[in-house]
Structures are given as structure tokens and as C-alpha cells.
Amino acid sequence: MYAKLVFRNAKRSVKDYLVYIVTMTICVTLFYAFLSISSSYYNPDIGSEYDFTLLSDGMKAAICMITLLLLFLIRFVNHYMLRQKQKEFAIQSIMGMEQKTIGRIFFAETLIMGMISILIGIFFGVFCSQFITAMLLTAYGKPYEISWNLFPDTVLWTVAFFAFSFLVVGIFNTHIIQKTKIITMLSAEKENEPELKKSRWISVAVILFELITVWAFITGIQKVWFYYDSRFVLPVQLMYWGNILFPLLTLLWSAFCLIKKGKKNMLITGLLICSVLNAFTAASVAALTNKYYLPLGAGMLNQYLLFLLIDLLFFIGALIYLASSFIVAWKEKSPEHRYHEEALFFFGQITSKLNTTSKTMTLICITLVLAIFLFIAAPILVGWASGYLDIRSMYDVQVFSRYNDVYEEKNLPQDNYEIITDFFAAHEIETVYDCTFNLYLPKKTDFHNRIKYDFPVVAISLSDYNAIRKMLGYEQISLGENEFVTQWKTIATGEERNSFIAEHTSVVTDGGTLNISEQSYSEEAMGESLYNSYTDVLYVFPDKICEELLPVMRNRYITTTKNITYENARELGRLFTAKYPEQAESGVAYGVRFSTLQTNSAIANNFILQTGMIYGAVVLMVICLTVLSLQQLLDAGQYKYRFSVLRKLGVEEHHINKLILKQLSVWFGLPIIVAIIVAAVVIGYFIQTISAEISAYIGLTALMLQIGATVGILVILLLCYFISTWVIFKRSVNS
Amino acid sequence: MNTILELEHIQKYYGNGGNITKAIQDISFSVEVGEFLGIMGASGSGKTTLLNCISTIDTVSAGHIFLEGTDVTEINPKSLARFRRENLGFVFQDFNLLDTLTISENIALALAINHTPAGSVEPRILEIAEKLKISDILNKYPYQVSGGQKQRCACARAIINNPKLLLADEPTGALDSHSSQMLLSTIQSINAQLRATILMVTHDAFTASYASRILFLKDGEIFMELRKGSDSRSAFFDKILNVLTIIGGGQSHVC
């Protein structure tokens with residue numbers, strides 16, 4: 001009998017459970033898709049030079065962390081279903097059904113819905129895992145083929161995880177149902193009546209904001225006191241004074257409002273404007289420090305980034321808090337707006353809801369900003385890392401040395417690293433190119449110059465330089481008598497290069513003075529170990545001159561006919577480090593890099609980073625949208641009454657439908673638009689600060705593509721939630 | 001006198017097949033312009049069904065309802081809402097005010113829905129508020145005022161569009177006796193001063209005694225009609241009680 005009741009209930013109330021099913025399905029899909037990578041049956045063809053175990057362990061850890069967020073969501077959606085069904089439970093208990101039984105029936109219902117979601121979710125998960133496989137194989141640079149595989153262990157994990165969560169939440173819910181009094185259940189619907197009072201959290205937020213502003217003000221004064229110099233350029237001066245002035249303005253405005261006993265809204269509107277100004281000057285600190293190498297003391301950048309973060313958070317909170325006041329002000333401004341058909345009703349709906357839920361809205365908005373940021377930052381960081389990888393691992397084997405801790409000339413590296421030659425002979429590894437070369441100091445007197453920003457630029461002989469260019473497939477270059485050229489790192493900007501070349505048209509060396517050649521620079525990527533520490537440029541001198549200079553570093557670059565296998569690379573790396581440690585007694589720092597190992601670990605780490613961030617971002621978005629949707633649906637009982645009043649007053653159905661659509665649009669639109677604006681500013685700032693890296697390693701097209709993908713996913717999720725909320729909302733209002 | 005509302009052999013059935021409940025058997029009556037008509041009856045006598053049919057919220061199974069010559073039962077369902085808001089005013093037992101709007105906005109909503117020019121909304125609200133003595137609570141929210149004040153606000157909302165017919169369903173049902181009395185005087189003055197035609201459903205004899213004519217329903221039929229004429233209200237009240245006693249069960253029912 002009970003089983004029949006459960007099935008009938010489930011069948012009848014499938015629409016009531018729509019949001020529940022949508023949310024659960026998305027959760028299962030994400031969980032399955034991302035976990036499928038770590039399946040033991042998952043065996044994509046990534047080649048023998050790569051090792052996959054590193055990746056799957058990392059993936060598992062990342063997924064587990066993010067999955068904790070899903071638990072919160074499951075709990076939240078269940079709580080909503082419980083609230084929805086309270087009245088039904090009350091009637092069942094009045095009729096004499098035991099509350100224990102009611103709890104079990106509810107548990108069985110949610111379990112059926114949950115199982116349906118798991119089935120649909122796994123189905124979509126198989127689809128989505130294709131995307132992830134595509135991502136993975138592209139990351140390893142392999143061609144991609146679609147394969148439809150259901151991994152038994154992943155399915156088992158997914159079912160087990162969700163069944164376990166359902167069980168825990170179900171037991172919890174059954175317990176709640178047993179403990180609730182019938183009268184409380186009966187009046188559950190009335191519980192949602194809006195208290196038309198604004199919540200007090202904003203007062204706490206204002207106090208915290210004031211405290212941080214005091215801190216920022218003191219910091220600003222300190223900075224001017226210790227570091228200010230009237231010779232700074234205008235933007236820097238503005239930054240210094242702005243960081244005192246705007247916090248001061250914030251404090252003065254608060255004091256003014258306090259003395260005048262002004263309205264709270266006036267205070268907060270002022271603070272809202274101040275937070276924008278503060279954020280602007282705080283943000284300029286990082287940007288200007290980067291540009292002008294300003295001395296600001298240790299940890300200062302982090303402190304100003306913290307101020308920036310606080311300003312942004314306060315901005316979001318204040319904006320949402322004031323949103324209803326803005327709407328009221330707009331309404332009051334003109335009777336045409338106010339008395340246009342059902343506009344009054346609409347304003348009432350929006351302001352009452354905003355007043356009571358501004359805290360939740362703020363949290364949702366902040367979470368959305370975080371999600372959007374993760375989404376866009378993930379590929380930027382990954383593109384940066386993998387672009388950097390291409391530049392770092394240009395040679396199959398790369399041996400380099402540093403003289404940073406060598407204080408005697410006799411201790412400088414002289415070796416030919418024969419250990420590699422022996423190992424290659426033993427393992428029958430054939431080389432294509434093999435080049436061992438020196439890097440020289442133009443002037444011997446610079447040997448003891450170890451100041452970080454004043455490290456000498458080193459030089460390479462033309463023949464070695466051309467040998468390396470040949471290795472990389474670049475054209476050979478030639479030099480005239482007493483001429484030199486410069487070779488640049490990819491990261492260096494055109495501006496830096498031009499100013500350097502303008503200042504160094506001739507170089508005085510121990511072998512005579514050299515003039516810059518007509519073709520003054522070359523900027524093809526040639527690896528990172530070709531340059532001295534802290535410098536982005538290398539001189540190329542004629543061989544004759546180099547013979548008279550002091551060699552300070554000795555490198556060896558090798559390319560092989562076939563990729564060195566993962567095992568061989570590990571073995572050779574171990575042998576090399578045993579003989580040439582990273583910090584030898586003589587002070588020389590030796591290093592060896594194998595492209596096999598570099599690529600493998602970089603790809604795996606990047607992939608974990610990328611999928612982790614994207615998974616996290618999607619989960620956060622789903623959480624935000626679920627909460628938004630349920631916030632509306634929880635009040636559906638209240639809304640049913642209000643819309644019935646409208647109907648009795650003679651409002652046509654299509655007007656009511658339009659009102660519902662308008663209300664939901666504002667409800668979903670407001671936090672999303674605020675989040676997009678703030679996220680755009682944050683991302684713009686982020687991209688601005690690392691624009692050099694982006695143009696060097698990622699490229700604008702890839703970035704735009706990523707932003708497009710983010711917008712696409714956000715829109716799809718939004719549509720899913722908007723439509724299901726709309727359907728349920730209309731249903732409950734019209735019933 | 002002009003007839004404003006005319007009902008011809010109204011019938012309303014619920015259910016289907018062999019299981020039919022006749023909520024209204026066969027009712028015919030007419031209402032004159034400016035009349036204050038009360039409809040009384042016990043629970044289940046069909047009075048709320050009748051009101052719903054007149055107000056076009058429900059449809060009749062047979063018969064016709066004419067409001068100023070228009071056959072309400074023939075109106076296209078899509079135009080019903082428009083018909084309602086232009087011709088009828090409602091007062092409900094549970095007020096049906098929107099808690100998100102102030103008293104003044106609640107009244108303004110009825111005007112706005114009816115496409116009243118924005119400029120004339122506020123003067124009209126002030127005018128009606130003056131008449132119903134709610135001027136000082138116009139900017140308060142419904143949860144900040146008393147039940148009597150809420151119901152007077154509901155009355156103001158119902159009559160602000162000058163409806164042809166004001167329908168009141170148990171308007172005093174949720175009020176204490178003092179508030180009821182005040183509200184009924186208000187309704188009576190609306191009837192007398194504004195010449196509004198009022199149709200009020202109630203099961204309370206005291207409330208009904210404010211009407212000028214009363215129809216008693218029993219089992220879906222008009223059982224009796226009572227006119228106040230030149231009687232004082234207390235005399236009329238006694239008459240109503242007598243009728244109720246008869247309806248409540250004559251000798252034959254007791255045995």
C-alpha cells in the first residue's frame with residue numbers, strides 16, 4: 001500500500017521536483033564526467049613518453065575537495081522539498097499516519113527522484129566526459145577520437161557517493177519530520193510571510209569596512225612618510241595621495257552622517273562611491289609598482305590587494321542593499337511609471353523580496369564573481385604555464401649552470417658533462433645535435449657584481465649561437481668586425497627592448513669596444529637557461545672577442561632522434577644530479593632538464609589545475625542558480641495569494657504571465673549582472689597586470705574563445721534554471 | 001427605478017454522471033440601481049456560488065445573468081477580466097490586500113489596472129480616503145493597521161473605479177463587533193451618498209439588517225424575500241431572526 005502511495009506521489013509530483021531533479025542531474029553529470037578520468041578502465045592513448053598515474057591521483061584529490069560543495073547543495077535542495085511538503089505531511093499525520101512512516105515515504109520519494117537523476121546524470125556524464133577526454137588529449141598533443149565507454153568503477157563510485165548522500169540527508173530529514181509538531185507543519189506556508197524589515201547585516205558590514213578603511217588610511221600615511229619622493233611621476237604621486245585622501249574621505253563622510261544623524265541609505269550611498277574610489281587607488285598600487293619598480297616595503301602588494309578585495313566585496317554588498325532603494329526612488333520619481341498598469345504590484349514584489357534577502361543576494365553575487373573568475377583565469381593560467389613549457393623545454397636534454405654563489409674564478413664550471421654521453425651510448429640513444437658552450441662576462445670586473453637588479457648581461461660566441469639556432473631550425477646570422485647583436489627572452493616587451501638598445505649602442509668589453517649591428521636584435525624563443533639570472537637579454541659577440549673574456553657558465557643542449565622514454569629520463573636525471581648537485585661545494589648550481597619529464601609533469605599539473613578550476617566554477621554557478629531559484633519557489637505559497645488578488649481585481653492572464661516573467665528576470669538578472677560587472681573589472685585588472693604573459697604565451701584569440709565558452713556555459717545553466725523555475729512558479733501560482 | 005442586474009433561472013450543478021450536486025436549483029431575481037441587497041442563508045445554501053456566478057469567477061450551468069442589459073454568461077472568457085475590472089467591485093472576508101504595498105498603493109493599483117491617467121490617481125485616492133476616513137493611514141502597510149481599517153481600505157479599492165455593482169462576500173466575517181458596526185455604516189453611507197448598488201452575502205443577521213432588502217436561500221433556491229421598507233433597523237433585525245428560525249428548521253424537521 002505504502003509502495004503504491006510512494007509511486008503515485010512520485011509520478012504526480014514530478015513537476016514539483018523539477019528543480020530537485022535538474023540540480024541533482026547536473027551534480028551527477030559533473031561528478032561522473034570528471035571522475036571518469038581517474039577510472040582504471042580509462043586508458044587514453046597518450047604515448048609511452050607520458051605517465052598517467054600522477055594525473056589520476058591528483059584528479060581524485062581535486063574532485064573530492066570540490067564535491068564537498070555538492071553535499072551542501074544536496075542538503076539545501078532537500079530542505080526545500082521538505083518545506084514544500086510540510087502541509088501534506090500535516091494532513092497525513094492528522095489522518096493518523098505515524099510520523100515515522102511519513103518520513104519513510106518522503107525518503108522513498110526523494111530516493112526515486114534521486115535515482116532518476118543519477119540515471120540521467122550518468123547518461124549526460126558519458127557525453128561530458130568526451131569533452132574532458134578531448135581536453136586531455138589536446139593537452140598531450142594527441143589526435144582525438146570519440147569513444148563511448150561506460151566505466152564500471154566510475155559508475156559504482158557515482159552511485160555509491162550519491163546514494164550515500166541521499167541516505168545521510170534522508171535520515172536527517174526523517175528525523176526532522178518526526179520531531180516537527182503537526183501545528184508547525186500546518187502553518188509552514190505562513191512562515192514565509194515577509195517581514196518587511198531590512199536585515200541588520202549591512203551595519204556589521206559597514207563597521208568592518210570602516211575598520212579596514214582606518215587601516216588603509218594609516219598604511220597610506222606610512223607609505224608617504226617612508227617612501228614618498230617628490231620626483232615621482234604624476235600617476236605615482238596621485239597613487240600615494242589618493243591612498244590617503246580617499247580613505248580619509250570615507251571616514252569623514254561617515255563622521256558627517258553620524259553627526260547629522262543622516263539616513264542610513266545616505267551613509268551607504270556615500271560609502272558605495274568611496275569604495276569605488278578606494279578600490280581604484282588600491283588597484284593602482286600593484287599596477288604602478290610593476291611599471292615603475294616602486295619601493296613599498298615587503299608584503300605591501302598583498303596588503304593593497306586585500307584592501308582592493310574588501311572594497312569590491314563591500315561594493316557588491318552595498319549595491320545590492322541599495323538596489324531596492326534605487327527602485328523605490330525610480331518609482332517615486334514619476335507617477336507615469338508608478339501608476340502604469342500593474343507596475344505598483346511589480347515594484348512591491350521586488351522591493352519586499354530584496355529587502356528581506358539582500359544578504360543572500362550578496363553572497364550569491366560574490367560566489368558568482370568567484371565562479372566567473374575561476375572560469376576565465378583557469379585557461380589563462382594554464383595557457384601561461386603550457387606556453388612557458390614550450391619555451392622552457394626546447395631541447396630534449398638541457399644542462400645549465402649558474403655562478404650566483406661562486407666567489408673564486410677557479411671554481412667556475414669547466415665540465416663537458418660526459419656522463420650524458422656515456423649514458424646515451426649505453427642505452428643506444430642517438431643524438432641529432434649536441435652543443436656544449438660557454439657564456440661569457442663582457443667585463444671581468446662584473447664578476448663580483450651580485451646585486452639583483454644590476455646583474456650583468458652575459459655573452460655567447462657567434463659560432464655557438466649559430467649552432468643552437470641550427471638546432472632549433474632558425475636561420476644563421478652573421479656579424480661584421482667589432483659588431484654585436486642582442487637575443488631576447490619571449491617575456492621581454494618591445495618597450496623594454498627598444499630602451500635597452502637605445503642605451504647600449506656600444507659595449508665595452510675586455511676584448512675591445514663593440515658596436516651594435518644593423519639588425520640589432522633577435523627574439524626567437526631559445527629557452528630560458530641561455531640568459532644570466534635576472535636578465536632578459538643575451539649579447540652575441542664575434543668568436544675572436546669571446547676568447548679574451550671570462551667564461552662564467554657552461555651549458556650543454558642536446559636533441560635526440562627519438563623522444564627519450566619516461567624511465568630513461570628519470571634514470572639519467574638521477575645519475576646526473578648525483579654527480580652535479582643543484583648546489584655543488586664549489587658554489588656552482590647545476591641543473592638538467594628533460595623535455596619528457598618537463599612536459600609530462602607540466603601537462604598533468606596543468607590539466608589538474610584546469611579541470612579543477614572549471615569543475616569548481618561550474619559547481620559554484622550551479623549552487624548560485626539553485627539558491628536563486630529556490631528562494632523564489634519557497635515563497636510560491638505567498639505569491640499564489642498575491643496573484644489571486646490581482647486576478648480578482650480583474651487583471652488578465654497574459655498580464656499575470658508577463659508579471660511573473662518580469663519578476664523572475666529581475667530576480668535572476670540583478671545578481672548576475674552585478675556579478676558580471678564586478679567580474680569584468682576584476683578580470684580586466686588581472687589581464688592588465690599579466691598582459692605581457694598573455695600576449696607572449698596565450699594569445700588573444702585563445703582568450704576570447706575562453707571568455708566565449710564561459711558565457712556559453714553560464715547561459716546554458718541559467719536557461720536550465722530559469723525555465724524550470726518559471727514552470728514551477730507558474731504552476732504554483734495558477735493552481 | 002432602473003434594473004441594473006437581472007438573473008433568469010440560474011442553475012449550477014457540480015459533478016457529473018449520476019453524482020450531481022445541485023448548488024443552485026433555480027434562482028431568478030433582479031436588483032435596482034442604488035439598492036442594497038443582502039443574501040442570507042446557512043452554509044451550503046448556495047450563496048457564495050451565486051456570488052461567484054454573478055462576479056463571473058464561476059460559470060452557470062443554465063440560465064442568464066444580465067448586468068445593465070449585457071449577458072454576463074455569454075462574454076468571451078478572454079474579455080472576462082476586463083469586464084470584471086470595469087463593472088464590478090469586490091470586498092472579501094479576508095480583505096485581500098497586498099502586504100507588499102501601502103494602503104494608498106493598494107487603492108492606486110485598482111486605478112492603475114484600469115488605465116487611469118497617472119495624474120489623476122492621487123487626487124482620487126485622497127478624495128475616497130477622506131470619505132472612508134482612512135486619510136491618516138494611507139502610507140502605512142496593511143500589517144500596521146487594524147482589521148476594520150483594512151476592510152475600509154478594501155472598500156475604497158472596490159468603489160474607486162465607480163463600479164456598477166459592488167459585491168461583498170461576508171465583509172464583516174473577520175472583524176470584531178465594533179469594527180463590523182463601523183464598516184457597515186461606511187457601506188451604508190457608500191450606498192446612500194454615492195448611490196452605489198451593493199450586493200452583500202452574509203450569514204450574520206446583524207450585518208444583514210443594514211441592507212434594504214434580503215433574499216434568503218435554502219438548498220439552492222430562494223426561500224423568502226424580506227424588505228426593510230420603513231421599518232427601523234431593530235425591527236428589521238427581529239424579522240430577519242424570525243425568518244432564520246423558520247429556515248433553521250420548522251416543526252417538521254425536529255421530529
# chains A, B, ... in the order shown; residues from 1 in each chain; ligands from 1
$ select_by_dssp --residues "range 22-172 of chain B" --states "alpha helix (DSSP H)" --output "PyMOL selection string"
chain B and resi 47-54+80-87+103-113+118-132+147-159
$ closest_atom_pairs --of "chain B" --to "chain A" --cutoff "7 Å" --atoms "only C-alpha atoms" --output "Markdown table"
| residue | atom | partner | partner_atom | distance |
| --- | --- | --- | --- | --- |
| B:Ala81 | CA | A:Gly650 | CA | 4.4 |
| B:Arg82 | CA | A:Gly650 | CA | 6.0 |
| B:Arg84 | CA | A:Gly650 | CA | 5.4 |
| B:Arg85 | CA | A:Gly650 | CA | 4.5 |
| B:Asn96 | CA | A:Val645 | CA | 5.9 |
| B:Leu98 | CA | A:Arg642 | CA | 6.2 |
| B:Thr100 | CA | A:Gly348 | CA | 4.9 |
| B:Leu101 | CA | A:Gly348 | CA | 5.6 |
| B:Glu105 | CA | A:Leu344 | CA | 7.0 |
| B:Leu109 | CA | A:Leu344 | CA | 6.2 |
| B:Ala110 | CA | A:Leu649 | CA | 6.8 |
| B:Ala112 | CA | A:Glu341 | CA | 4.6 |
| B:Ile113 | CA | A:Glu341 | CA | 4.3 |
| B:His115 | CA | A:Glu341 | CA | 6.1 |
| B:Ala118 | CA | A:Glu336 | CA | 5.3 |
| B:Gly119 | CA | A:Pro335 | CA | 6.9 |
$ atom_distance --atom1 "CA of Gln688 in chain A" --atom2 "CA of Ile672 in chain A"
23.4 Å
$ residues_around --residues "Arg233 in chain B" --least-positions-apart "3" --cutoff "10 Å" --atoms "only C-alpha atoms" --output "PyMOL selection string"
chain B and resi 206+208-212+228+230+236-239
$ residues_around --residues "range 72-78 of chain A" --least-positions-apart "3" --cutoff "9 Å" --atoms "only C-alpha atoms" --output "ChimeraX atom specification"
/A:19-20,23-24,27,68-69,81-83,110,165-166,169-170,173,622-623,626-627,630
$ atom_distance --atom1 "CA of Gly103 in chain A" --atom2 "CA of Arg12 in chain A"
18.3 Å
